[in-house]
Protein chains: 2
Amino acid sequence: MAENTVLIPAETLRDACQYILEKVGVPPDQARIVAEVTVEADMRGVGSHGVLRLPAYVHRVRAGLMAADTQLQVVRERGATVLLDAQGGFGQVAGVHAMSLAIERARQHGVGFVAVRNANHFGIAAYYTMMALPHRMVGIAATNAAPSMAAWGGTTAVLGTNPISVAIPTGQDVDIVLDMASSVVARGKIRAAAAKGERIPLGWALDAEGRPTEDPQAALKGTLAPIGGPKGYGLALVVDALAGVLTGSDYSIYLASLHDLSRRASVGFVMQAVDITAFSDWAEYTEDMRSLIDVIRNSPRAPGVERIYLPGEIEWLKEREYRQSGVPVAVKVVKELQELAAELGAQVELPSV
Amino acid sequence: MAENTVLIPAETLRDACQYILEKVGVPPDQARIVAEVTVEADMRGVGSHGVLRLPAYVHRVRAGLMAADTQLQVVRERGATVLLDAQGGFGQVAGVHAMSLAIERARQHGVGFVAVRNANHFGIAAYYTMMALPHRMVGIAATNAAPSMAAWGGTTAVLGTNPISVAIPTGQDVDIVLDMASSVVARGKIRAAAAKGERIPLGWALDAEGRPTEDPQAALKGTLAPIGGPKGYGLALVVDALAGVLTGSDYSIYLASLHDLSRRASVGFVMQAVDITAFSDWAEYTEDMRSLIDVIRNSPRAPGVERIYLPGEIEWLKEREYRQSGVPVAVKVVKELQELAAELGAQVELPSV
């Protein structure tokens, strides 16, 4: 745990988020969903998508840029597919509903594919894909985001880091939960290096002229590097075409950042559930998954590597740890939440820092 | 065009492939499909998956490791999903059939998801995903492959480069066709560097101890580096879980290489079609796609960059060029095909080299 963080029980943190959201008009059941998705990010060690973001959601609601009450509308449906309009509401509320629908459709059709338009930032994608796991289904989700990456060969940000998550049930102690952006690193890592006056590794970012740079200041004026060069660019573009264009949401440079309080953002995402039992017997499937996982975990290791993890396993271990210890939250963030609660008159039990 | 290649009309090349395959017992309609998929790779400039591979297919059939006549069997079906067993036959025949089925199901259910077990190497994934384009559908395909990448932190090959392809119709001059492996580069590039005695860039490969290397010889004894480190590892693992385990095919170290004539290979893949019209009006959709593509293409360019391409655009331009000029094939490969044809008594019209 870093020194400038404080450990808070997950439930205390969820309650705080919920009560703050309720004070700006979010209905209690919806506030609960947003609180759960948000705290889950902190629980998994993905603080960049956790309670740190709550003030931004509140600011958007108060600025009239986001609907406090998320009213989902079914725009189209055909067999295994549904298109929902979130009508400017919370991405988390729309996301949970969308994946629930996808799971329902998958039960009947083997697969369910739900697209959502006109939502907002939905937090960690893995929250939704993991919803499929107890149903013995694969969960898949992708969302677009405000631009921070260039086209391959370009110099200006035209694509978001557009994350993709795939959760695969294994029937073993831990499931496979991939949740990855199309960029090599998150912007936060570059900001952190800049704050410490450190160089960044070549390959993380491009400067404003599109050249690889080790200077975090130049990187912040430039763009994030996509994984695998043209491959990460391709992944981000494909996600924007599906999550942005196909759903009828904003895309590319037209999608406003969560922190841009001058305009609305119409974020889009797609969610899918694939029922394992439409393709395999559960027992046979889990036996093969066990064997695959054994091979991966028992691979001979490179020097200095103590253990080989499955995608999402480190996050799963953190969640187990933080459930006992409490969730580490930066003192700065706790203060911000307390101020926000005080200002809104929300009763929260956050520790004094 | 490299000096040691010769230009051959695509149709001549297809006929040659077809007649050679027929001589080892592949039914004419199936031989035609394999020929078309295979030559399409050369047409798109992806020679590594083109006619270069034909002898390997023939060797496998003659060794009794691959069925000459691909008999597809429906193992399961539920709504939008189908599981096919290719019963040891050609991946190309199974792939074309699988995507056709996915398109059919998508028409009815909005989306179609077809899994194939017990097939063989299917060539370029983009062939199948592009099949969806004229139907105003998105095509998605992923297959597993014999291991060449390590788990993240591991030193031995436990995962294939497991490619993913996504084809998205745009309604414009060119569609978006992503077709990417989970490795930074193909093994062929490292072999080429080794042959020329050149170093390879750091980041392409790991040596047998799992350390990044610039030595192509050390790289060939080691593993290919995944894109984005743990991200590419995660992508490859997710594809193996779906294409290998979910379908009931071989996976990880249990999947034999195309060139391993000591045992059968049971390759698996998954294919999906998503009907644009289940989510959007075609006119509205193509208008937004045009706008997205305009932003991407008109991005300010980095020094030395003449043009910004969409994923698959370079391949599309090559295909247009080679349709006029003929397809460049390495002299060595042409000779091999001629010898194979002569040995089998197949009448082919390949140029003398």
# chains A, B, ... in the order shown; residues from 1 in each chain; ligands from 1

$ residues_around --residues "B:Thr5" --least-positions-apart "5" --cutoff "12 Å" --atoms "only C-alpha atoms" --output "JSON, numbers by chain"
{"B": [42, 47, 326, 327, 328, 329, 330, 331, 332, 333, 334, 335, 351, 353]}

$ residues_around --residues "B:Thr129" --least-positions-apart "6" --cutoff "9 Å" --atoms "only C-alpha atoms" --output "number ranges by chain"
B: 99, 138-141, 165-168, 177, 271-273

$ residues_around --residues "A:Gly154" --least-positions-apart "3" --cutoff "12 Å" --atoms "only C-alpha atoms" --output "count of residues only"
37

$ select_by_dssp --residues "stretch 60-303 of chain B" --states "helix (DSSP H, G or I)" --output "PyMOL selection string"
chain B and resi 60-62+91-109+125-130+133-135+187-196+216-221+230-246+252-254+276-278+282-297

$ decode --residues "stretch 180-218 of chain A" --atoms "N, CA and C atoms" --output "PDB file, in the first residue's frame"
ATOM      1  N   MET A 180      -8.409  -5.133 -21.387  1.00  0.00           N
ATOM      2  CA  MET A 180      -7.244  -4.417 -21.910  1.00  0.00           C
ATOM      3  C   MET A 180      -7.616  -3.250 -22.816  1.00  0.00           C
ATOM      4  N   ALA A 181      -6.863  -2.174 -22.641  1.00  0.00           N
ATOM      5  CA  ALA A 181      -6.976  -1.048 -23.555  1.00  0.00           C
ATOM      6  C   ALA A 181      -6.129  -1.351 -24.784  1.00  0.00           C
ATOM      7  N   SER A 182      -6.347  -0.596 -25.857  1.00  0.00           N
ATOM      8  CA  SER A 182      -5.572  -0.778 -27.082  1.00  0.00           C
ATOM      9  C   SER A 182      -4.261  -0.009 -27.056  1.00  0.00           C
ATOM     10  N   SER A 183      -4.023   0.728 -25.986  1.00  0.00           N
ATOM     11  CA  SER A 183      -2.758   1.463 -25.853  1.00  0.00           C
ATOM     12  C   SER A 183      -1.794   0.655 -24.990  1.00  0.00           C
ATOM     13  N   VAL A 184      -0.503   0.940 -25.137  1.00  0.00           N
ATOM     14  CA  VAL A 184       0.516   0.219 -24.361  1.00  0.00           C
ATOM     15  C   VAL A 184       0.334   0.495 -22.874  1.00  0.00           C
ATOM     16  N   VAL A 185       0.124   1.761 -22.529  1.00  0.00           N
ATOM     17  CA  VAL A 185      -0.134   2.121 -21.129  1.00  0.00           C
ATOM     18  C   VAL A 185      -1.251   3.165 -21.077  1.00  0.00           C
ATOM     19  N   ALA A 186      -1.758   3.374 -19.879  1.00  0.00           N
ATOM     20  CA  ALA A 186      -2.761   4.413 -19.659  1.00  0.00           C
ATOM     21  C   ALA A 186      -2.055   5.764 -19.518  1.00  0.00           C
ATOM     22  N   ARG A 187      -2.772   6.823 -19.851  1.00  0.00           N
ATOM     23  CA  ARG A 187      -2.237   8.164 -19.745  1.00  0.00           C
ATOM     24  C   ARG A 187      -1.751   8.467 -18.320  1.00  0.00           C
ATOM     25  N   GLY A 188      -2.437   7.879 -17.331  1.00  0.00           N
ATOM     26  CA  GLY A 188      -2.084   8.091 -15.931  1.00  0.00           C
ATOM     27  C   GLY A 188      -0.633   7.751 -15.623  1.00  0.00           C
ATOM     28  N   LYS A 189      -0.122   6.725 -16.273  1.00  0.00           N
ATOM     29  CA  LYS A 189       1.259   6.313 -16.027  1.00  0.00           C
ATOM     30  C   LYS A 189       2.241   7.370 -16.521  1.00  0.00           C
ATOM     31  N   ILE A 190       1.864   8.032 -17.598  1.00  0.00           N
ATOM     32  CA  ILE A 190       2.733   9.075 -18.158  1.00  0.00           C
ATOM     33  C   ILE A 190       2.658  10.312 -17.278  1.00  0.00           C
ATOM     34  N   ARG A 191       1.446  10.615 -16.805  1.00  0.00           N
ATOM     35  CA  ARG A 191       1.275  11.732 -15.871  1.00  0.00           C
ATOM     36  C   ARG A 191       2.098  11.507 -14.611  1.00  0.00           C
ATOM     37  N   ALA A 192       2.092  10.264 -14.125  1.00  0.00           N
ATOM     38  CA  ALA A 192       2.846   9.937 -12.903  1.00  0.00           C
ATOM     39  C   ALA A 192       4.343  10.150 -13.122  1.00  0.00           C
ATOM     40  N   ALA A 193       4.846   9.717 -14.289  1.00  0.00           N
ATOM     41  CA  ALA A 193       6.269   9.896 -14.591  1.00  0.00           C
ATOM     42  C   ALA A 193       6.603  11.384 -14.684  1.00  0.00           C
ATOM     43  N   ALA A 194       5.716  12.130 -15.303  1.00  0.00           N
ATOM     44  CA  ALA A 194       5.928  13.580 -15.446  1.00  0.00           C
ATOM     45  C   ALA A 194       5.995  14.232 -14.063  1.00  0.00           C
ATOM     46  N   ALA A 195       5.091  13.810 -13.175  1.00  0.00           N
ATOM     47  CA  ALA A 195       5.046  14.395 -11.830  1.00  0.00           C
ATOM     48  C   ALA A 195       6.336  14.113 -11.072  1.00  0.00           C
ATOM     49  N   LYS A 196       6.923  12.937 -11.303  1.00  0.00           N
ATOM     50  CA  LYS A 196       8.156  12.565 -10.608  1.00  0.00           C
ATOM     51  C   LYS A 196       9.405  13.030 -11.356  1.00  0.00           C
ATOM     52  N   GLY A 197       9.210  13.630 -12.526  1.00  0.00           N
ATOM     53  CA  GLY A 197      10.356  14.064 -13.316  1.00  0.00           C
ATOM     54  C   GLY A 197      11.150  12.916 -13.913  1.00  0.00           C
ATOM     55  N   GLU A 198      10.491  11.767 -14.110  1.00  0.00           N
ATOM     56  CA  GLU A 198      11.173  10.589 -14.673  1.00  0.00           C
ATOM     57  C   GLU A 198      10.944  10.480 -16.178  1.00  0.00           C
ATOM     58  N   ARG A 199      11.862   9.793 -16.865  1.00  0.00           N
ATOM     59  CA  ARG A 199      11.671   9.489 -18.280  1.00  0.00           C
ATOM     60  C   ARG A 199      10.675   8.340 -18.397  1.00  0.00           C
ATOM     61  N   ILE A 200      10.097   8.186 -19.562  1.00  0.00           N
ATOM     62  CA  ILE A 200       9.229   7.027 -19.803  1.00  0.00           C
ATOM     63  C   ILE A 200       9.902   6.113 -20.817  1.00  0.00           C
ATOM     64  N   PRO A 201       9.623   4.800 -20.761  1.00  0.00           N
ATOM     65  CA  PRO A 201      10.229   3.889 -21.742  1.00  0.00           C
ATOM     66  C   PRO A 201       9.783   4.249 -23.163  1.00  0.00           C
ATOM     67  N   LEU A 202      10.711   4.071 -24.093  1.00  0.00           N
ATOM     68  CA  LEU A 202      10.369   4.253 -25.502  1.00  0.00           C
ATOM     69  C   LEU A 202       9.313   3.207 -25.857  1.00  0.00           C
ATOM     70  N   GLY A 203       8.275   3.643 -26.562  1.00  0.00           N
ATOM     71  CA  GLY A 203       7.225   2.689 -26.920  1.00  0.00           C
ATOM     72  C   GLY A 203       5.909   2.978 -26.202  1.00  0.00           C
ATOM     73  N   TRP A 204       5.975   3.817 -25.178  1.00  0.00           N
ATOM     74  CA  TRP A 204       4.744   4.151 -24.457  1.00  0.00           C
ATOM     75  C   TRP A 204       3.923   5.211 -25.185  1.00  0.00           C
ATOM     76  N   ALA A 205       4.626   6.161 -25.787  1.00  0.00           N
ATOM     77  CA  ALA A 205       3.899   7.323 -26.322  1.00  0.00           C
ATOM     78  C   ALA A 205       4.629   7.946 -27.504  1.00  0.00           C
ATOM     79  N   LEU A 206       3.891   8.794 -28.215  1.00  0.00           N
ATOM     80  CA  LEU A 206       4.438   9.545 -29.347  1.00  0.00           C
ATOM     81  C   LEU A 206       4.301  11.029 -29.025  1.00  0.00           C
ATOM     82  N   ASP A 207       5.238  11.832 -29.497  1.00  0.00           N
ATOM     83  CA  ASP A 207       5.130  13.275 -29.259  1.00  0.00           C
ATOM     84  C   ASP A 207       4.159  13.901 -30.269  1.00  0.00           C
ATOM     85  N   ALA A 208       4.018  15.209 -30.212  1.00  0.00           N
ATOM     86  CA  ALA A 208       3.019  15.885 -31.044  1.00  0.00           C
ATOM     87  C   ALA A 208       3.328  15.777 -32.540  1.00  0.00           C
ATOM     88  N   GLU A 209       4.573  15.369 -32.861  1.00  0.00           N
ATOM     89  CA  GLU A 209       4.920  15.171 -34.275  1.00  0.00           C
ATOM     90  C   GLU A 209       4.830  13.688 -34.671  1.00  0.00           C
ATOM     91  N   GLY A 210       4.360  12.863 -33.732  1.00  0.00           N
ATOM     92  CA  GLY A 210       4.179  11.445 -34.057  1.00  0.00           C
ATOM     93  C   GLY A 210       5.436  10.613 -33.919  1.00  0.00           C
ATOM     94  N   ARG A 211       6.465  11.177 -33.242  1.00  0.00           N
ATOM     95  CA  ARG A 211       7.720  10.443 -33.054  1.00  0.00           C
ATOM     96  C   ARG A 211       7.737   9.804 -31.669  1.00  0.00           C
ATOM     97  N   PRO A 212       8.292   8.588 -31.557  1.00  0.00           N
ATOM     98  CA  PRO A 212       8.417   7.954 -30.245  1.00  0.00           C
ATOM     99  C   PRO A 212       9.215   8.868 -29.310  1.00  0.00           C
ATOM    100  N   THR A 213       8.784   8.951 -28.064  1.00  0.00           N
ATOM    101  CA  THR A 213       9.471   9.843 -27.139  1.00  0.00           C
ATOM    102  C   THR A 213       9.658   9.200 -25.766  1.00  0.00           C
ATOM    103  N   GLU A 214      10.718   9.637 -25.066  1.00  0.00           N
ATOM    104  CA  GLU A 214      10.954   9.191 -23.686  1.00  0.00           C
ATOM    105  C   GLU A 214      10.625  10.310 -22.700  1.00  0.00           C
ATOM    106  N   ASP A 215      10.218  11.450 -23.245  1.00  0.00           N
ATOM    107  CA  ASP A 215       9.933  12.621 -22.422  1.00  0.00           C
ATOM    108  C   ASP A 215       8.436  12.667 -22.098  1.00  0.00           C
ATOM    109  N   PRO A 216       8.086  12.500 -20.816  1.00  0.00           N
ATOM    110  CA  PRO A 216       6.655  12.449 -20.480  1.00  0.00           C
ATOM    111  C   PRO A 216       5.917  13.742 -20.821  1.00  0.00           C
ATOM    112  N   GLN A 217       6.608  14.880 -20.738  1.00  0.00           N
ATOM    113  CA  GLN A 217       5.959  16.151 -21.084  1.00  0.00           C
ATOM    114  C   GLN A 217       5.592  16.174 -22.571  1.00  0.00           C
ATOM    115  N   ALA A 218       6.548  15.735 -23.392  1.00  0.00           N
ATOM    116  CA  ALA A 218       6.278  15.671 -24.836  1.00  0.00           C
ATOM    117  C   ALA A 218       5.166  14.665 -25.124  1.00  0.00           C
TER     118      ALA A 218
END
